[in-house]
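final.cif (mmCIF, C-alpha atoms)
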```cif
data_coords
loop_
_atom_site.group_PDB
_atom_site.id
_atom_site.type_symbol
_atom_site.label_atom_id
_atom_site.label_comp_id
_atom_site.auth_asym_id
_atom_site.auth_seq_id
_atom_site.Cartn_x
_atom_site.Cartn_y
_atom_site.Cartn_z
ATOM 1 C CA MET W 1 0.468 -1.423 20.652
ATOM 2 C CA GLY W 2 3.582 0.237 19.279
ATOM 3 C CA SER W 3 5.769 -1.458 21.935
ATOM 4 C CA LEU W 4 4.758 -4.873 20.534
ATOM 5 C CA MET W 5 5.816 -4.129 16.958
ATOM 6 C CA VAL W 6 9.009 -5.653 15.592
ATOM 7 C CA PRO W 7 11.159 -4.278 12.767
ATOM 8 C CA GLN W 8 9.995 -5.146 9.256
ATOM 9 C CA GLN W 9 12.982 -7.344 8.413
ATOM 10 C CA GLN W 10 12.787 -9.213 11.705
ATOM 11 C CA PHE W 11 9.116 -9.913 11.078
ATOM 12 C CA ASP W 12 9.881 -11.209 7.572
ATOM 13 C CA ASP W 13 12.666 -13.456 8.901
ATOM 14 C CA THR W 14 10.789 -14.959 11.856
ATOM 15 C CA VAL W 15 7.056 -14.977 11.078
ATOM 16 C CA ALA W 16 5.770 -17.454 8.505
ATOM 17 C CA TYR W 17 2.088 -16.546 8.862
ATOM 18 C CA GLY W 18 0.589 -13.730 10.905
ATOM 19 C CA PHE W 19 0.409 -9.966 10.944
ATOM 20 C CA GLN W 20 1.199 -6.853 12.920
ATOM 21 C CA ALA W 21 -0.483 -3.468 12.729
ATOM 22 C CA SER W 22 -0.206 -0.053 14.325
ATOM 23 C CA THR W 23 -1.431 3.408 13.468
ATOM 24 C CA ASN W 24 1.397 3.833 10.960
ATOM 25 C CA TRP W 25 2.494 0.355 9.849
ATOM 26 C CA HIS W 26 0.700 -2.761 8.554
ATOM 27 C CA GLN W 27 2.480 -5.996 7.664
ATOM 28 C CA GLY W 28 1.461 -9.613 7.321
ATOM 29 C CA SER W 29 1.299 -12.928 5.520
ATOM 30 C CA ILE W 30 -1.750 -15.222 5.494
ATOM 31 C CA THR W 31 -2.834 -18.358 3.658
ATOM 32 C CA ALA W 32 -6.329 -19.555 2.818
ATOM 33 C CA ARG W 33 -7.865 -22.431 4.761
ATOM 34 C CA ASP W 34 -11.338 -22.777 3.295
ATOM 35 C CA ARG W 35 -14.108 -23.626 5.724
ATOM 36 C CA GLU W 36 -11.722 -24.000 8.664
ATOM 37 C CA GLY W 37 -13.627 -22.572 11.618
ATOM 38 C CA ALA W 38 -16.139 -20.727 9.427
ATOM 39 C CA SER W 39 -19.516 -21.532 7.934
ATOM 40 C CA GLY W 40 -20.880 -21.005 4.439
ATOM 41 C CA GLN W 41 -19.783 -21.903 0.934
ATOM 42 C CA LEU W 42 -17.433 -19.024 0.049
ATOM 43 C CA LYS W 43 -14.246 -20.099 -1.694
ATOM 44 C CA SER W 44 -10.936 -18.257 -1.654
ATOM 45 C CA THR W 45 -9.899 -16.859 -5.028
ATOM 46 C CA VAL W 46 -6.179 -17.055 -4.143
ATOM 47 C CA GLN W 47 -4.214 -19.150 -1.671
ATOM 48 C CA ASP W 48 -1.840 -16.553 -0.240
ATOM 49 C CA CYS W 49 -1.740 -12.863 0.568
ATOM 50 C CA LYS W 50 1.170 -10.768 1.847
ATOM 51 C CA TRP W 51 1.436 -7.049 2.524
ATOM 52 C CA ALA W 52 3.618 -4.315 3.955
ATOM 53 C CA PHE W 53 2.652 -0.657 3.892
ATOM 54 C CA SER W 54 2.939 2.521 5.916
ATOM 55 C CA VAL W 55 0.034 4.834 6.719
ATOM 56 C CA ASP W 56 0.099 8.588 7.208
ATOM 57 C CA PRO W 57 -3.140 9.503 9.061
ATOM 58 C CA ILE W 58 -4.607 12.842 7.989
ATOM 59 C CA VAL W 59 -7.767 13.048 10.059
ATOM 60 C CA GLY W 60 -9.539 10.787 12.517
ATOM 61 C CA TRP W 61 -13.090 11.389 13.649
ATOM 62 C CA GLY W 62 -13.473 15.049 14.504
ATOM 63 C CA ASP W 63 -12.085 18.422 13.556
ATOM 64 C CA VAL W 64 -8.959 18.557 11.415
ATOM 65 C CA GLY W 65 -6.040 19.041 13.783
ATOM 66 C CA GLY W 66 -8.227 18.264 16.802
ATOM 67 C CA ARG W 67 -8.202 15.194 18.997
ATOM 68 C CA GLN W 68 -10.131 12.043 18.256
ATOM 69 C CA ARG W 69 -13.861 12.119 19.041
ATOM 70 C CA SER W 70 -16.033 9.180 19.950
ATOM 71 C CA THR W 71 -18.063 8.220 16.877
ATOM 72 C CA ALA W 72 -21.782 8.892 17.508
ATOM 73 C CA GLY W 73 -21.283 10.206 21.026
ATOM 74 C CA TRP W 74 -19.393 9.283 24.190
ATOM 75 C CA LEU W 75 -21.587 6.305 25.108
ATOM 76 C CA ALA W 76 -20.556 4.516 21.914
ATOM 77 C CA ALA W 77 -17.005 4.257 23.274
ATOM 78 C CA VAL W 78 -18.107 2.561 26.500
ATOM 79 C CA PRO W 79 -18.853 -1.191 26.194
ATOM 80 C CA VAL W 80 -22.094 -1.134 28.177
ATOM 81 C CA LEU W 81 -25.258 -0.218 26.257
ATOM 82 C CA PHE W 82 -24.833 -1.131 22.595
ATOM 83 C CA GLU W 83 -24.128 -4.315 20.654
ATOM 84 C CA PRO W 84 -21.972 -4.111 18.654
ATOM 85 C CA HIS W 85 -19.672 -1.109 19.123
ATOM 86 C CA TRP W 86 -18.214 0.824 16.217
ATOM 87 C CA GLN W 87 -15.631 3.596 15.989
ATOM 88 C CA VAL W 88 -14.057 5.324 12.991
ATOM 89 C CA LEU W 89 -10.337 5.478 13.790
ATOM 90 C CA MET W 90 -9.141 7.232 10.621
ATOM 91 C CA ALA W 91 -11.549 8.929 8.240
ATOM 92 C CA HIS W 92 -8.766 9.706 5.780
ATOM 93 C CA GLY W 93 -5.085 8.887 5.413
ATOM 94 C CA LEU W 94 -2.457 8.023 2.811
ATOM 95 C CA ALA W 95 -0.933 4.570 2.423
ATOM 96 C CA SER W 96 2.279 3.568 0.632
ATOM 97 C CA GLY W 97 3.736 0.105 0.135
ATOM 98 C CA TRP W 98 2.686 -3.144 -1.510
ATOM 99 C CA ILE W 99 0.236 -6.034 -1.408
ATOM 100 C CA GLU W 100 0.861 -9.459 -2.961
ATOM 101 C CA TRP W 101 -2.398 -11.127 -3.944
ATOM 102 C CA GLY W 102 -2.030 -14.645 -5.269
ATOM 103 C CA GLY W 103 1.629 -14.050 -6.079
ATOM 104 C CA GLU W 104 1.056 -10.806 -8.014
ATOM 105 C CA ARG W 105 2.454 -7.695 -6.359
ATOM 106 C CA TYR W 106 0.624 -4.359 -6.425
ATOM 107 C CA THR W 107 2.580 -1.283 -5.318
ATOM 108 C CA PHE W 108 1.061 2.045 -4.358
ATOM 109 C CA LYS W 109 2.105 5.423 -3.021
ATOM 110 C CA GLY W 110 -0.183 7.953 -1.365
ATOM 111 C CA ALA W 111 -3.289 5.800 -1.813
ATOM 112 C CA ALA W 112 -6.407 6.824 0.076
ATOM 113 C CA ALA W 113 -6.789 4.901 3.358
ATOM 114 C CA TYR W 114 -9.526 4.452 5.952
ATOM 115 C CA ALA W 115 -9.727 2.520 9.239
ATOM 116 C CA GLU W 116 -12.539 1.602 11.628
ATOM 117 C CA LYS W 117 -12.988 -0.766 14.561
ATOM 118 C CA ASN W 118 -15.883 -3.079 15.392
ATOM 119 C CA TRP W 119 -16.128 -5.137 18.554
ATOM 120 C CA GLY W 120 -18.730 -7.125 20.466
ATOM 121 C CA GLY W 121 -20.598 -10.395 20.060
ATOM 122 C CA GLY W 122 -21.415 -9.870 16.378
ATOM 123 C CA PHE W 123 -22.229 -7.307 13.725
ATOM 124 C CA PRO W 124 -25.662 -5.609 13.638
ATOM 125 C CA SER W 125 -28.590 -7.778 12.562
ATOM 126 C CA LYS W 126 -28.899 -5.531 9.486
ATOM 127 C CA TRP W 127 -26.884 -2.606 8.148
ATOM 128 C CA CYS W 128 -25.850 -0.434 5.195
ATOM 129 C CA TRP W 129 -22.587 1.507 4.812
ATOM 130 C CA VAL W 130 -20.905 3.932 2.403
ATOM 131 C CA GLN W 131 -17.372 5.320 2.650
ATOM 132 C CA CYS W 132 -15.329 7.393 0.216
ATOM 133 C CA ASN W 133 -12.299 9.680 0.436
ATOM 134 C CA THR W 134 -11.476 10.178 -3.241
ATOM 135 C CA PHE W 135 -13.538 13.023 -4.706
ATOM 136 C CA GLU W 136 -13.163 14.951 -7.963
ATOM 137 C CA GLY W 137 -11.336 18.224 -7.402
ATOM 138 C CA SER W 138 -11.736 17.984 -3.640
ATOM 139 C CA GLU W 139 -8.603 16.537 -2.100
ATOM 140 C CA GLY W 140 -9.008 15.686 1.582
ATOM 141 C CA THR W 141 -12.790 15.304 1.460
ATOM 142 C CA SER W 142 -14.120 12.123 3.034
ATOM 143 C CA VAL W 143 -17.503 10.713 3.976
ATOM 144 C CA THR W 144 -18.574 7.834 6.191
ATOM 145 C CA THR W 145 -22.244 7.012 6.597
ATOM 146 C CA VAL W 146 -24.076 4.062 8.087
ATOM 147 C CA GLY W 147 -27.525 2.814 8.997
ATOM 148 C CA ALA W 148 -27.822 -0.145 11.357
ATOM 149 C CA ARG W 149 -30.182 -2.224 13.447
ATOM 150 C CA ARG W 150 -28.208 -2.892 16.601
ATOM 151 C CA GLY W 151 -28.821 -4.506 19.958
ATOM 152 C CA LEU W 152 -29.514 -2.425 23.045
ATOM 153 C CA LEU W 153 -28.692 -3.104 26.700
ATOM 154 C CA ASN W 154 -27.636 -6.669 25.761
ATOM 155 C CA LEU W 155 -31.286 -7.727 26.061
ATOM 156 C CA PRO W 156 -32.509 -10.473 23.687
ATOM 157 C CA GLY W 157 -34.699 -9.046 20.933
ATOM 158 C CA VAL W 158 -34.230 -5.407 22.021
ATOM 159 C CA GLN W 159 -32.956 -3.451 19.014
ATOM 160 C CA GLU W 160 -32.979 0.043 17.560
ATOM 161 C CA ASP W 161 -32.297 1.573 14.144
ATOM 162 C CA VAL W 162 -29.548 4.186 14.260
ATOM 163 C CA GLY W 163 -27.512 5.979 11.629
ATOM 164 C CA LEU W 164 -25.113 8.841 11.029
ATOM 165 C CA ILE W 165 -23.297 10.856 8.391
ATOM 166 C CA GLY W 166 -19.795 12.216 8.938
ATOM 167 C CA ILE W 167 -18.123 14.473 6.351
ATOM 168 C CA HIS W 168 -14.703 16.140 6.302
ATOM 169 C CA HIS W 169 -14.529 18.902 3.698
ATOM 170 C CA GLN W 170 -12.131 21.856 3.338
ATOM 171 C CA GLY W 171 -11.046 21.694 6.963
ATOM 172 C CA LYS W 172 -14.569 21.455 8.413
ATOM 173 C CA PHE W 173 -16.205 18.427 10.020
ATOM 174 C CA TYR W 174 -19.947 17.898 9.562
ATOM 175 C CA GLU W 175 -21.264 15.252 11.941
ATOM 176 C CA LEU W 176 -24.958 14.400 11.883
ATOM 177 C CA SER W 177 -25.325 11.700 14.512
ATOM 178 C CA PRO W 178 -28.137 10.169 16.604
ATOM 179 C CA LYS W 179 -27.570 12.516 19.533
ATOM 180 C CA ASP W 180 -28.828 15.620 17.706
ATOM 181 C CA SER W 181 -29.956 14.685 14.179
ATOM 182 C CA THR W 182 -32.742 12.979 12.294
ATOM 183 C CA VAL W 183 -31.339 10.228 10.080
ATOM 184 C CA SER W 184 -33.174 8.156 7.466
ATOM 185 C CA TRP W 185 -32.221 5.844 4.634
ATOM 186 C CA ASP W 186 -33.647 4.163 1.566
ATOM 187 C CA VAL W 187 -31.374 1.323 0.449
ATOM 188 C CA ASP W 188 -31.895 -1.462 -2.067
ATOM 189 C CA PRO W 189 -30.767 -5.033 -1.402
ATOM 190 C CA TRP W 190 -27.919 -4.105 -3.742
ATOM 191 C CA GLY W 191 -26.988 -1.252 -6.054
ATOM 192 C CA ARG W 192 -28.512 1.917 -4.532
ATOM 193 C CA TRP W 193 -27.939 3.777 -1.250
ATOM 194 C CA VAL W 194 -29.618 7.044 -0.166
ATOM 195 C CA ILE W 195 -28.898 8.225 3.384
ATOM 196 C CA GLU W 196 -30.134 11.602 4.634
ATOM 197 C CA ALA W 197 -29.695 13.483 7.893
ATOM 198 C CA SER W 198 -30.576 16.891 9.309
ATOM 199 C CA ASN W 199 -30.139 18.895 12.486
ATOM 200 C CA ASP W 200 -30.520 22.526 13.493
ATOM 201 C CA GLU W 201 -27.533 23.599 11.362
ATOM 202 C CA TYR W 202 -27.192 21.326 8.346
ATOM 203 C CA GLU W 203 -28.912 18.890 6.032
ATOM 204 C CA ALA W 204 -26.861 16.226 4.269
ATOM 205 C CA VAL W 205 -27.600 13.630 1.606
ATOM 206 C CA VAL W 206 -25.261 10.816 0.587
ATOM 207 C CA THR W 207 -26.220 8.852 -2.521
ATOM 208 C CA ALA W 208 -24.345 5.899 -3.970
ATOM 209 C CA THR W 209 -24.811 3.435 -6.799
ATOM 210 C CA CYS W 210 -23.023 0.270 -7.812
ATOM 211 C CA ASP W 211 -23.307 -2.122 -10.737
ATOM 212 C CA ALA W 212 -25.220 -5.313 -10.043
ATOM 213 C CA GLU W 213 -22.240 -7.530 -10.852
ATOM 214 C CA ALA W 214 -19.761 -5.525 -8.754
ATOM 215 C CA GLY W 215 -20.520 -7.006 -5.335
ATOM 216 C CA THR W 216 -18.447 -9.564 -3.416
ATOM 217 C CA PRO W 217 -20.036 -11.690 -0.642
ATOM 218 C CA LEU W 218 -17.953 -11.692 2.546
ATOM 219 C CA ARG W 219 -17.993 -13.330 5.931
ATOM 220 C CA ALA W 220 -18.719 -11.265 9.029
ATOM 221 C CA PRO W 221 -18.916 -12.122 12.752
ATOM 222 C CA THR W 222 -22.374 -13.138 13.951
ATOM 223 C CA ALA W 223 -23.617 -13.790 17.475
ATOM 224 C CA ASP W 224 -25.191 -17.159 16.592
ATOM 225 C CA ALA W 225 -23.282 -18.630 13.640
ATOM 226 C CA GLY W 226 -19.734 -17.401 14.171
ATOM 227 C CA LEU W 227 -17.942 -16.114 11.082
ATOM 228 C CA ALA W 228 -20.481 -16.548 8.274
ATOM 229 C CA PRO W 229 -21.378 -15.094 4.829
ATOM 230 C CA PHE W 230 -23.331 -12.120 6.067
ATOM 231 C CA CYS W 231 -22.559 -9.090 3.897
ATOM 232 C CA LYS W 232 -21.748 -7.868 0.402
ATOM 233 C CA ASP W 233 -19.124 -5.261 -0.481
ATOM 234 C CA SER W 234 -17.716 -3.365 -3.412
ATOM 235 C CA PHE W 235 -15.032 -0.727 -3.844
ATOM 236 C CA ALA W 236 -16.515 0.340 -7.178
ATOM 237 C CA GLY W 237 -19.346 2.580 -6.001
ATOM 238 C CA GLU W 238 -20.181 6.031 -7.364
ATOM 239 C CA VAL W 239 -20.821 8.436 -4.483
ATOM 240 C CA ARG W 240 -22.242 11.942 -4.259
ATOM 241 C CA VAL W 241 -22.259 14.069 -1.088
ATOM 242 C CA GLN W 242 -24.365 17.206 -0.632
ATOM 243 C CA VAL W 243 -24.749 19.512 2.368
ATOM 244 C CA TRP W 244 -27.050 22.524 2.794
ATOM 245 C CA ARG W 245 -27.729 24.872 5.639
ATOM 246 C CA THR W 246 -30.896 23.664 7.274
ATOM 247 C CA GLY W 247 -34.003 24.920 5.520
ATOM 248 C CA SER W 248 -32.234 26.470 2.544
ATOM 249 C CA ARG W 249 -33.330 23.732 0.136
ATOM 250 C CA GLN W 250 -36.966 24.438 0.930
ATOM 251 C CA ILE W 251 -36.712 28.235 0.853
ATOM 252 C CA VAL W 252 -35.099 28.687 -2.564
ATOM 253 C CA ASP W 253 -35.482 26.306 -5.489
ATOM 254 C CA ASP W 254 -32.227 24.829 -6.741
ATOM 255 C CA VAL W 255 -30.161 26.560 -4.057
ATOM 256 C CA ASP W 256 -26.503 25.599 -4.342
ATOM 257 C CA PRO W 257 -25.317 23.261 -1.577
ATOM 258 C CA ILE W 258 -22.373 24.362 0.557
ATOM 259 C CA VAL W 259 -20.874 20.946 -0.227
ATOM 260 C CA ASP W 260 -21.498 19.100 -3.493
ATOM 261 C CA VAL W 261 -18.852 16.559 -4.465
ATOM 262 C CA ARG W 262 -18.728 13.366 -6.509
ATOM 263 C CA SER W 263 -16.347 10.439 -6.231
ATOM 264 C CA GLU W 264 -13.534 10.067 -8.728
ATOM 265 C CA GLY W 265 -15.354 7.592 -10.934
ATOM 266 C CA LYS W 266 -16.179 4.293 -9.272
ATOM 267 C CA SER W 267 -13.977 4.690 -6.198
ATOM 268 C CA GLY W 268 -16.425 4.523 -3.280
ATOM 269 C CA ALA W 269 -16.844 1.659 -0.811
ATOM 270 C CA VAL W 270 -20.408 0.368 -0.433
ATOM 271 C CA GLU W 271 -21.872 -2.435 1.657
ATOM 272 C CA VAL W 272 -25.054 -4.101 2.805
ATOM 273 C CA GLY W 273 -25.162 -6.705 5.541
ATOM 274 C CA GLY W 274 -27.329 -8.842 7.736
ATOM 275 C CA GLY W 275 -30.914 -9.441 6.877
ATOM 276 C CA PRO W 276 -31.833 -11.382 4.819
ATOM 277 C CA TRP W 277 -32.519 -8.562 2.354
ATOM 278 C CA PHE W 278 -35.590 -9.716 0.462
ATOM 279 C CA ASP W 279 -36.664 -6.119 -0.231
ATOM 280 C CA GLY W 280 -35.254 -2.632 0.124
ATOM 281 C CA TRP W 281 -34.795 -1.077 3.551
ATOM 282 C CA LYS W 282 -36.480 2.265 4.076
ATOM 283 C CA THR W 283 -36.623 3.601 7.600
ATOM 284 C CA ARG W 284 -36.096 6.557 9.881
ATOM 285 C CA ALA W 285 -33.717 6.026 12.765
ATOM 286 C CA LYS W 286 -35.086 6.335 16.257
ATOM 287 C CA MET W 287 -32.730 6.254 19.212
ATOM 288 C CA ALA W 288 -34.304 5.069 22.459
ATOM 289 C CA GLU W 289 -34.779 7.429 25.369
ATOM 290 C CA PRO W 290 -33.179 8.127 27.791
ATOM 291 C CA VAL W 291 -30.107 7.053 25.773
ATOM 292 C CA ARG W 292 -30.357 10.096 23.493
ATOM 293 C CA ARG W 293 -30.420 12.427 26.507
ATOM 294 C CA LEU W 294 -27.417 10.648 28.011
ATOM 295 C CA LEU W 295 -25.473 11.102 24.782
ATOM 296 C CA ASN W 296 -25.968 14.855 25.018
ATOM 297 C CA LEU W 297 -24.491 15.115 28.513
ATOM 298 C CA PRO W 298 -21.185 17.045 28.509
ATOM 299 C CA VAL W 299 -19.013 13.984 29.183
ATOM 300 C CA ASP W 300 -15.439 14.382 27.914
ATOM 301 C CA ILE W 301 -14.613 10.725 27.239
ATOM 302 C CA GLU W 302 -11.687 11.766 25.048
ATOM 303 C CA GLY W 303 -10.184 13.875 27.811
ATOM 304 C CA LEU W 304 -10.659 11.067 30.311
ATOM 305 C CA ALA W 305 -8.961 8.612 27.966
ATOM 306 C CA ASP W 306 -5.850 10.810 27.926
ATOM 307 C CA PHE W 307 -5.261 10.027 31.618
ATOM 308 C CA LEU W 308 -5.992 6.297 31.548
ATOM 309 C CA PRO W 309 -3.338 3.586 31.156
ATOM 310 C CA ALA W 310 -3.385 1.844 27.803
ATOM 311 C CA GLN W 311 -5.114 -1.295 29.090
ATOM 312 C CA LEU W 312 -8.055 0.752 30.453
ATOM 313 C CA LYS W 313 -8.629 3.052 27.474
ATOM 314 C CA PRO W 314 -11.880 2.570 25.523
ATOM 315 C CA PRO W 315 -11.341 0.793 22.176
ATOM 316 C CA GLY W 316 -10.199 3.263 19.543
ATOM 317 C CA TYR W 317 -8.238 5.573 21.900
#
```

Here is the file; what I need is its structure written in the form of structure tokens.
Amino acid sequence: MGSLMVPQQQFDDTVAYGFQASTNWHQGSITARDREGASGQLKSTVQDCKWAFSVDPIVGWGDVGGRQRSTAGWLAAVPVLFEPHWQVLMAHGLASGWIEWGGERYTFKGAAAYAEKNWGGGFPSKWCWVQCNTFEGSEGTSVTTVGARRGLLNLPGVQEDVGLIGIHHQGKFYELSPKDSTVSWDVDPWGRWVIEASNDEYEAVVTATCDAEAGTPLRAPTADAGLAPFCKDSFAGEVRVQVWRTGSRQIVDDVDPIVDVRSEGKSGAVEVGGGPWFDGWKTRAKMAEPVRRLLNLPVDIEGLADFLPAQLKPPGY
């Protein structure tokens, strides 16, 4: 995509409305057109938004200094089995620049940044999500966790509940994903998230809370209704992340976790979507067989992507 980018000043001089984005640069100008091509009753709070900022990626999805991994296994990068597809492109980075929101300019330098990619016919029929990369006394720590009810094999009505937890902390990457971990969650319609996962090496718990009034309804892509009010977000969540070696919590009371960090105040991103959410969602993920076995095959999708031309690379590579 870098070859399609134009210099910042040229973009400003020639583009009235639109945007451009790469790994390191984001720039655009948009104006609100309420209800045009979208359903629901959401109203824009401002008429115009402009932005220009650079991004310094620190870590993607995988080991610090290593190459990008496919989120939740190699099959998730191939547009065949799942609906939708989801990849974390940048778990943590630093952004510097400005955003104009309704005519008021906000400048920032070295702000925490995160990027992911979704593609397919629509978002999951139901999901929960927590992301944070600003933790007290723990620079560089980030967490992304999700639970979702997604389609399988593009067959009507065929769905599965899957989830994962990914944590970068002090140079180490803890990934508890469907291919080798048990994942469960207990999430309220709004205000409380508890997602747990365990495998042969580690147990992790991510908890988050958010004030009742701190949520913003948003539109999301749906398979049947197009872009519609389908989720609720806030960037004012309080997040705690804990990791133990498997079994240590049960062997010794009050054993200290190997990771125990809290967000810097209310700085976490939290979300619920799909539904409708009449009650809380408490479930244990169960990935269908033989998909789980396929995920554990030693397929190097990242290595293969290195040799493919850009137009044939899986999304996110």

On this structure, which residues satisfy the PyMOL selection byres ((chain W and resi 262) around 10), written as a ChimeraX atom specification? /W:132,134-138,206-208,238-242,260-261,263-268

Restricting it to C-alpha atoms, dump the selection as a tab-separated table (two decimals), in the coordinates of the input.
```tsv
chain	number	residue	atom	x	y	z
W	132	CYS	CA	-15.33	7.39	0.22
W	134	THR	CA	-11.48	10.18	-3.24
W	135	PHE	CA	-13.54	13.02	-4.71
W	136	GLU	CA	-13.16	14.95	-7.96
W	137	GLY	CA	-11.34	18.22	-7.40
W	138	SER	CA	-11.74	17.98	-3.64
W	206	VAL	CA	-25.26	10.82	0.59
W	207	THR	CA	-26.22	8.85	-2.52
W	208	ALA	CA	-24.34	5.90	-3.97
W	238	GLU	CA	-20.18	6.03	-7.36
W	239	VAL	CA	-20.82	8.44	-4.48
W	240	ARG	CA	-22.24	11.94	-4.26
W	241	VAL	CA	-22.26	14.07	-1.09
W	242	GLN	CA	-24.36	17.21	-0.63
W	260	ASP	CA	-21.50	19.10	-3.49
W	261	VAL	CA	-18.85	16.56	-4.46
W	263	SER	CA	-16.35	10.44	-6.23
W	264	GLU	CA	-13.53	10.07	-8.73
W	265	GLY	CA	-15.35	7.59	-10.93
W	266	LYS	CA	-16.18	4.29	-9.27
W	267	SER	CA	-13.98	4.69	-6.20
W	268	GLY	CA	-16.42	4.52	-3.28
```

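Of the listed residues (W:Met5, W:Cys128, W:Cys231, W:Ala223), W:Cys128 comes nearest to Val194 (chain W); the distances count only C-alpha atoms.
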
Mind giving me the axis-aligned box for region 241-246 of chain W with 5 Å on every side, centre plus edges in Å to one decimal, as JSON?
```
{"center_x": -26.6, "center_y": 19.5, "center_z": 3.1, "size_x": 18.6, "size_y": 20.8, "size_z": 18.4}
```

Around the point (-15.3, 10.9, 3.4) in the file's coordinates, collect all residues with an atom within 8 Å, using only C-alpha atoms, and return them as number ranges by chain. W: 91-92, 131-134, 141-144, 166-168

On this structure, the PyMOL selection byres ((chain W and resi 55) around 9) would catch which residues? List them as a PyMOL selection string, sorted by chain and number. chain W and resi 23-26+53-54+56-57+93-97+110+113

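For the choices W:Pro229, W:Gly28, W:Gly102, W:Gly147, the atom-to-atom distance to Trp86 (chain W) is smallest for W:Gly147 when using only C-alpha atoms.
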
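Closest approach to Gln159 (chain W) among W:Lys286, W:Tyr114, W:Asp48, W:Asp200 is made by W:Lys286 (distances from all atoms listed in the file).
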
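Pairwise distance (CA of Gly103 (chain W), CA of Lys232 (chain W)) equals 25.0 Å.
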
Leu164 (chain W): which residues within 12 Å, counting all atoms listed in the file, same-chain residues fewer than 2 positions away excluded, as a PyMOL selection string? chain W and resi 71-73+86-88+127-131+143-148+161-162+166-167+174-185+195-199+203-206+284-287

Which residues would end up in the selection if the PyMOL selection byres ((chain W and resi 29-33) around 8) were applied here, given that I need the answer as an NGL selection string? :W and (16-19 or 27-28 or 34-36 or 44 or 46-51)

What is the CA of Asn118 (chain W) to CA of Leu4 (chain W) distance in Å? 21.3 Å

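The spacing separating CA of Thr283 (chain W) from CA of Pro84 (chain W) amounts to 19.9 Å.
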
Neighbourhood query: residues within 6 Å of (-19.2, 20.3, 3.4), file coordinates, counting only C-alpha atoms; return as a short mmCIF file (atom, residue, chain, number, x, y, z; two decimals) with C-alpha atoms, keeping the file's coordinate frame.
```
data_model
loop_
_atom_site.label_atom_id
_atom_site.label_comp_id
_atom_site.auth_asym_id
_atom_site.auth_seq_id
_atom_site.Cartn_x
_atom_site.Cartn_y
_atom_site.Cartn_z
CA HIS W 169 -14.53 18.90 3.70
CA VAL W 243 -24.75 19.51 2.37
CA ILE W 258 -22.37 24.36 0.56
CA VAL W 259 -20.87 20.95 -0.23
#
```

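Distance annotation: of W:Arg105, W:Gln10, W:Gly171, W:Glu160, the residue with the minimal separation from Ile58 (chain W) is W:Gly171; atom set is only C-alpha atoms.
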
When distances are computed from all atoms listed in the file, which of W:Gly151, W:Gly274, W:Gly140, W:Gly247 shows the smallest separation from Ala112 (chain W)? W:Gly140

Could you check which of W:Glu104, W:Ala220, W:Thr246, W:Trp281 is closest to Val187 (chain W), using only C-alpha atoms? W:Trp281
